[in-house]
Amino acid sequence: MVVNTETYQVTWEKLPDDFVLPDDPVDNIIQPILAAALKESLELAGILPDNSITTTNYGICATVNGKMVVKAPDWAYVRAIHVPKEEVNRSYTPKLQGEIPVIVMEFLSDTEGGEYSSKPTYPPGKWFFYEQILQVPNYIIFEPREGRLEVYSLDDSKQYKLQPPDSNGRYLIAQMNLFLGVWEGIRDNKTGFWLRWWNDQGTMLLWGTESVESERQRADTEKQRADTEKQRADTEKQRADRLADQLRAAGIDPNE
């Protein structure tokens with residue numbers, strides 16, 4: 001498939017087997033944990049289709065004016081691929097292998113990674129690549145140290161526009177029917193700011209440890225309810241037994 005504009009031509013081609021992908025170290029140890037947390041809550045909620053993929057530092061490809069461009073966002077979600085997953089184990093080419101990602105995320109670190117770069121010449125900047133080449137509907141930039149979240153969505157002119165949060169401080173990701181926001185707490189023994197999902201009822205999607213704790217609390221509540229009901233039944237039986245004893249003492253058969 002070919003897309004023509006006044007300044008560039010985009011084709012969707014598979015990454016050559018001999019293409020050398022960047023092997024840069026991860027800028028910050030929190031980045032893989034952030035990515036894993038985003039995926040985990042979606043999986044546990046049962047809302048990741050079998051043919052969907054999430055990527056972490058994983059090459060997303062397009063060929064621009066005959067030159068291969070590869071960007072590896074810190075996290076991305078593709079709602080549907082059209083090939084077996086083993087065919088996208090090294091990189092992913094939208095339109096050739098599946099849909100355009102619904103959302104891409106970059107986590108800011110001390111190292112400048114060009115998250116705001118709109119450079120259109122080869123190699124294009126990340127912003128330009130996501131906005132103009134891929135036309136990803138949602139571009140997220142998150143600074144985990146201070147918990148600063150920026151959500152950009154394509155407007156009618158196919159340009160990213162900064163979105164305001166709702167009254168809860170969250171952002172609707174319409175294509176996922178979920179809200180994205182910042183939550184402060186502990187995961188993997190690290191206290192900090194985390195990206196979390198909420199459903200349209202305002203319920204936060206839980207991580208595995210939270211699900212276990214929630215189930216434990218539910219079981220404890222159910223046990224307390226059962227214990228309270230048993231105590232009530234025992235008290236009622238004792239009252240009935242005392243009344244029966246009083247009737248017998250008065251020469252009255254309580255069973256008549």
# chains A, B, ... in the order shown; residues from 1 in each chain; ligands from 1
>>> residues_around(residues="region 156-167 of chain A", least_positions_apart="6", cutoff="10 Å", atoms="only C-alpha atoms", output="number ranges by chain")
A: 127-128, 130-132, 135-140, 149-150, 179-181
>>> write_last_selection(atoms="N, CA and C atoms", output="compact mmCIF listing (two decimals), in the first residue's frame")
# COMPACT_ATOMS: atom_id res chain seq x y z
N TRP A 127 7.84 12.38 17.06
CA TRP A 127 6.54 13.05 16.94
C TRP A 127 6.05 13.02 15.50
N PHE A 128 6.92 13.39 14.57
CA PHE A 128 6.54 13.42 13.16
C PHE A 128 6.18 12.01 12.67
N TYR A 130 5.03 9.36 14.39
CA TYR A 130 3.76 8.88 14.94
C TYR A 130 2.58 9.67 14.38
N GLU A 131 2.76 10.98 14.22
CA GLU A 131 1.65 11.84 13.80
C GLU A 131 1.42 11.78 12.30
N GLN A 132 2.46 11.96 11.49
CA GLN A 132 2.30 12.12 10.06
C GLN A 132 2.47 10.83 9.26
N GLN A 135 0.21 8.01 11.77
CA GLN A 135 -1.08 8.60 12.16
C GLN A 135 -1.73 7.80 13.29
N VAL A 136 -0.93 7.60 14.33
CA VAL A 136 -1.42 6.92 15.53
C VAL A 136 -2.42 7.84 16.23
N PRO A 137 -3.62 7.36 16.57
CA PRO A 137 -4.64 8.24 17.14
C PRO A 137 -4.26 8.89 18.46
N ASN A 138 -3.47 8.20 19.28
CA ASN A 138 -3.14 8.71 20.61
C ASN A 138 -1.65 8.59 20.89
N TYR A 139 -1.05 9.71 21.27
CA TYR A 139 0.38 9.73 21.59
C TYR A 139 0.50 10.20 23.04
N ILE A 140 1.14 9.36 23.87
CA ILE A 140 1.25 9.62 25.30
C ILE A 140 2.71 9.89 25.64
N LEU A 149 1.75 13.72 32.95
CA LEU A 149 1.17 12.98 31.84
C LEU A 149 0.65 13.94 30.78
N GLU A 150 1.03 13.72 29.53
CA GLU A 150 0.53 14.50 28.40
C GLU A 150 -0.11 13.54 27.41
N PHE A 179 -10.16 4.77 30.27
CA PHE A 179 -9.56 6.03 30.67
C PHE A 179 -8.14 5.76 31.17
N LEU A 180 -7.24 6.67 30.88
CA LEU A 180 -5.86 6.56 31.32
C LEU A 180 -5.58 7.69 32.30
N GLY A 181 -4.88 7.36 33.39
CA GLY A 181 -4.55 8.38 34.37
C GLY A 181 -3.33 8.00 35.18
>>> closest_residue(among="A:Ile30, A:Val78, A:Ile186, A:Leu108", to="Arg148 (chain A)", atoms="only C-alpha atoms")
A:Leu108
>>> closest_residue(among="A:Glu115, A:Glu40, A:Glu222, A:Glu87", to="Lys14 (chain A)", atoms="only C-alpha atoms")
A:Glu87
>>> atom_distance(atom1="CA of Pro73 (chain A)", atom2="CA of Ile173 (chain A)")
17.6 Å
>>> residues_around(residues="Pro254 (chain A)", least_positions_apart="5", cutoff="8 Å", atoms="only C-alpha atoms", output="PyMOL selection string")
chain A and resi 244+247-248
>>> write_last_selection(atoms="C-alpha atoms", output="PDB file, in the first residue's frame")
ATOM      1  CA  ALA A 244     -39.676 -22.988  75.776  1.00  0.00           C
ATOM      2  CA  LEU A 247     -43.498 -22.388  79.137  1.00  0.00           C
ATOM      3  CA  ARG A 248     -42.676 -25.841  80.458  1.00  0.00           C
TER       4      ARG A 248
END
>>> select_by_dssp(residues="region 4-55 of chain A", states="alpha helix (DSSP H)", output="MDAnalysis selection string")
chainID A and resid 30:44
>>> closest_residue(among="A:Glu236, A:Asp188, A:Asp200, A:Glu143", to="Arg170 (chain A)", atoms="only C-alpha atoms")
A:Asp200
>>> atom_distance(atom1="CA of Trp12 (chain A)", atom2="CA of Ile141 (chain A)")
25.6 Å
>>> residues_around(residues="Cys61 (chain A)", least_positions_apart="5", cutoff="7 Å", atoms="only C-alpha atoms", output="NGL selection string")
:A and (15 or 69-71 or 92-93)
>>> closest_residue(among="A:Leu38, A:Ile29, A:Met204, A:Ile60", to="Lys190 (chain A)", atoms="only C-alpha atoms")
A:Ile29
>>> residues_around(residues="Tyr122 (chain A)", least_positions_apart="5", cutoff="12 Å", atoms="only C-alpha atoms", output="list in words")
Thr7, Tyr8, Thr63, Val64, Asn65, Gly66, Lys67, Met68, Val69, Val70, Phe128 and Phe129 of chain A
>>> closest_residue(among="A:Met105, A:Gln231, A:Gln97, A:Ile81", to="Ala35 (chain A)", atoms="only C-alpha atoms")
A:Met105
>>> closest_residue(among="A:Ser109, A:Glu229, A:Asn168, A:Pro101", to="Thr203 (chain A)", atoms="only C-alpha atoms")
A:Asn168
>>> atom_distance(atom1="CA of Gly59 (chain A)", atom2="CA of Asn189 (chain A)")
29.8 Å
>>> decode(residues="region 99-205 of chain A", atoms="C-alpha atoms", output="PDB file, in the first residue's frame")
ATOM      1  CA  GLU A  99      -3.756  -2.237  12.170  1.00  0.00           C
ATOM      2  CA  ILE A 100      -2.095   1.049  12.991  1.00  0.00           C
ATOM      3  CA  PRO A 101      -1.380   1.158  16.741  1.00  0.00           C
ATOM      4  CA  VAL A 102      -4.200   2.690  18.744  1.00  0.00           C
ATOM      5  CA  ILE A 103      -1.764   4.248  21.188  1.00  0.00           C
ATOM      6  CA  VAL A 104       1.976   4.745  21.549  1.00  0.00           C
ATOM      7  CA  MET A 105       3.736   5.873  24.703  1.00  0.00           C
ATOM      8  CA  GLU A 106       7.111   7.347  25.499  1.00  0.00           C
ATOM      9  CA  PHE A 107       8.419   7.498  29.070  1.00  0.00           C
ATOM     10  CA  LEU A 108      10.715  10.462  29.640  1.00  0.00           C
ATOM     11  CA  SER A 109      14.068   9.890  31.315  1.00  0.00           C
ATOM     12  CA  ASP A 110      17.220  11.842  31.981  1.00  0.00           C
ATOM     13  CA  THR A 111      18.335  11.053  28.447  1.00  0.00           C
ATOM     14  CA  GLU A 112      16.767  13.233  25.741  1.00  0.00           C
ATOM     15  CA  GLY A 113      15.088  10.869  23.338  1.00  0.00           C
ATOM     16  CA  GLY A 114      13.437  13.282  20.941  1.00  0.00           C
ATOM     17  CA  GLU A 115       9.888  12.568  22.081  1.00  0.00           C
ATOM     18  CA  TYR A 116       8.806  16.000  20.829  1.00  0.00           C
ATOM     19  CA  SER A 117      10.845  15.953  17.626  1.00  0.00           C
ATOM     20  CA  SER A 118       8.823  16.875  14.548  1.00  0.00           C
ATOM     21  CA  LYS A 119      11.818  16.729  12.210  1.00  0.00           C
ATOM     22  CA  PRO A 120      10.416  15.625   8.816  1.00  0.00           C
ATOM     23  CA  THR A 121      13.721  14.807   7.098  1.00  0.00           C
ATOM     24  CA  TYR A 122      15.303  11.378   7.285  1.00  0.00           C
ATOM     25  CA  PRO A 123      15.405   9.973   9.871  1.00  0.00           C
ATOM     26  CA  PRO A 124      12.188  11.658  10.996  1.00  0.00           C
ATOM     27  CA  GLY A 125      11.590  12.568  14.626  1.00  0.00           C
ATOM     28  CA  LYS A 126       9.345  10.496  16.852  1.00  0.00           C
ATOM     29  CA  TRP A 127       6.542  13.054  16.943  1.00  0.00           C
ATOM     30  CA  PHE A 128       6.543  13.417  13.156  1.00  0.00           C
ATOM     31  CA  PHE A 129       6.699   9.644  12.636  1.00  0.00           C
ATOM     32  CA  TYR A 130       3.758   8.880  14.942  1.00  0.00           C
ATOM     33  CA  GLU A 131       1.654  11.841  13.799  1.00  0.00           C
ATOM     34  CA  GLN A 132       2.297  12.124  10.061  1.00  0.00           C
ATOM     35  CA  ILE A 133       3.618   8.731   8.952  1.00  0.00           C
ATOM     36  CA  LEU A 134       1.755   6.255  11.146  1.00  0.00           C
ATOM     37  CA  GLN A 135      -1.078   8.600  12.157  1.00  0.00           C
ATOM     38  CA  VAL A 136      -1.419   6.923  15.535  1.00  0.00           C
ATOM     39  CA  PRO A 137      -4.640   8.241  17.137  1.00  0.00           C
ATOM     40  CA  ASN A 138      -3.143   8.714  20.614  1.00  0.00           C
ATOM     41  CA  TYR A 139       0.376   9.732  21.592  1.00  0.00           C
ATOM     42  CA  ILE A 140       1.251   9.624  25.298  1.00  0.00           C
ATOM     43  CA  ILE A 141       4.273  11.237  26.918  1.00  0.00           C
ATOM     44  CA  PHE A 142       4.778  10.354  30.591  1.00  0.00           C
ATOM     45  CA  GLU A 143       7.391  11.651  33.000  1.00  0.00           C
ATOM     46  CA  PRO A 144       7.353   9.099  35.856  1.00  0.00           C
ATOM     47  CA  ARG A 145       9.526  11.002  38.314  1.00  0.00           C
ATOM     48  CA  GLU A 146       6.965  13.790  38.782  1.00  0.00           C
ATOM     49  CA  GLY A 147       3.944  11.932  37.416  1.00  0.00           C
ATOM     50  CA  ARG A 148       3.427  14.364  34.551  1.00  0.00           C
ATOM     51  CA  LEU A 149       1.171  12.979  31.836  1.00  0.00           C
ATOM     52  CA  GLU A 150       0.535  14.499  28.402  1.00  0.00           C
ATOM     53  CA  VAL A 151      -2.086  12.983  26.120  1.00  0.00           C
ATOM     54  CA  TYR A 152      -2.179  14.038  22.488  1.00  0.00           C
ATOM     55  CA  SER A 153      -4.879  12.958  20.041  1.00  0.00           C
ATOM     56  CA  LEU A 154      -5.162  13.468  16.300  1.00  0.00           C
ATOM     57  CA  ASP A 155      -7.611  16.225  15.458  1.00  0.00           C
ATOM     58  CA  ASP A 156      -9.557  16.641  12.225  1.00  0.00           C
ATOM     59  CA  SER A 157      -6.509  18.161  10.548  1.00  0.00           C
ATOM     60  CA  LYS A 158      -4.469  15.036  11.425  1.00  0.00           C
ATOM     61  CA  GLN A 159      -2.295  16.889  13.889  1.00  0.00           C
ATOM     62  CA  TYR A 160      -1.743  16.119  17.548  1.00  0.00           C
ATOM     63  CA  LYS A 161      -3.682  18.272  19.982  1.00  0.00           C
ATOM     64  CA  LEU A 162      -3.032  18.262  23.717  1.00  0.00           C
ATOM     65  CA  GLN A 163      -6.079  16.859  25.514  1.00  0.00           C
ATOM     66  CA  PRO A 164      -7.423  18.212  28.808  1.00  0.00           C
ATOM     67  CA  PRO A 165      -8.148  15.726  31.611  1.00  0.00           C
ATOM     68  CA  ASP A 166     -11.669  15.081  32.819  1.00  0.00           C
ATOM     69  CA  SER A 167     -12.899  16.010  36.294  1.00  0.00           C
ATOM     70  CA  ASN A 168     -11.134  12.927  37.698  1.00  0.00           C
ATOM     71  CA  GLY A 169      -7.823  13.859  36.117  1.00  0.00           C
ATOM     72  CA  ARG A 170      -8.102  11.071  33.530  1.00  0.00           C
ATOM     73  CA  TYR A 171      -8.104  10.911  29.749  1.00  0.00           C
ATOM     74  CA  LEU A 172     -10.509   8.987  27.566  1.00  0.00           C
ATOM     75  CA  ILE A 173      -8.851   6.646  25.068  1.00  0.00           C
ATOM     76  CA  ALA A 174     -11.943   6.239  22.926  1.00  0.00           C
ATOM     77  CA  GLN A 175     -10.602   3.409  20.758  1.00  0.00           C
ATOM     78  CA  MET A 176     -10.105   1.285  23.891  1.00  0.00           C
ATOM     79  CA  ASN A 177     -13.208   2.493  25.766  1.00  0.00           C
ATOM     80  CA  LEU A 178     -10.909   3.098  28.734  1.00  0.00           C
ATOM     81  CA  PHE A 179      -9.556   6.028  30.673  1.00  0.00           C
ATOM     82  CA  LEU A 180      -5.856   6.563  31.321  1.00  0.00           C
ATOM     83  CA  GLY A 181      -4.550   8.380  34.365  1.00  0.00           C
ATOM     84  CA  VAL A 182      -1.790   8.667  36.949  1.00  0.00           C
ATOM     85  CA  TRP A 183      -1.905   6.773  40.233  1.00  0.00           C
ATOM     86  CA  GLU A 184       0.562   7.094  43.083  1.00  0.00           C
ATOM     87  CA  GLY A 185       1.394   3.973  45.044  1.00  0.00           C
ATOM     88  CA  ILE A 186       3.593   0.904  45.345  1.00  0.00           C
ATOM     89  CA  ARG A 187       4.418  -1.781  42.800  1.00  0.00           C
ATOM     90  CA  ASP A 188       7.402  -4.136  42.789  1.00  0.00           C
ATOM     91  CA  ASN A 189       8.554  -2.550  46.066  1.00  0.00           C
ATOM     92  CA  LYS A 190       8.790   0.832  44.375  1.00  0.00           C
ATOM     93  CA  THR A 191       6.755   3.821  45.472  1.00  0.00           C
ATOM     94  CA  GLY A 192       6.046   6.263  42.684  1.00  0.00           C
ATOM     95  CA  PHE A 193       3.726   7.382  39.936  1.00  0.00           C
ATOM     96  CA  TRP A 194       2.163   4.775  37.645  1.00  0.00           C
ATOM     97  CA  LEU A 195      -0.042   4.849  34.581  1.00  0.00           C
ATOM     98  CA  ARG A 196      -3.343   3.089  35.270  1.00  0.00           C
ATOM     99  CA  TRP A 197      -6.494   2.193  33.346  1.00  0.00           C
ATOM    100  CA  TRP A 198     -10.088   2.857  34.458  1.00  0.00           C
ATOM    101  CA  ASN A 199     -13.241   1.499  32.823  1.00  0.00           C
ATOM    102  CA  ASP A 200     -16.263   3.592  31.896  1.00  0.00           C
ATOM    103  CA  GLN A 201     -17.804   2.935  35.339  1.00  0.00           C
ATOM    104  CA  GLY A 202     -14.791   4.569  36.967  1.00  0.00           C
ATOM    105  CA  THR A 203     -13.363   1.300  38.302  1.00  0.00           C
ATOM    106  CA  MET A 204      -9.600   0.975  38.166  1.00  0.00           C
ATOM    107  CA  LEU A 205      -8.278  -2.145  36.425  1.00  0.00           C
TER     108      LEU A 205
END
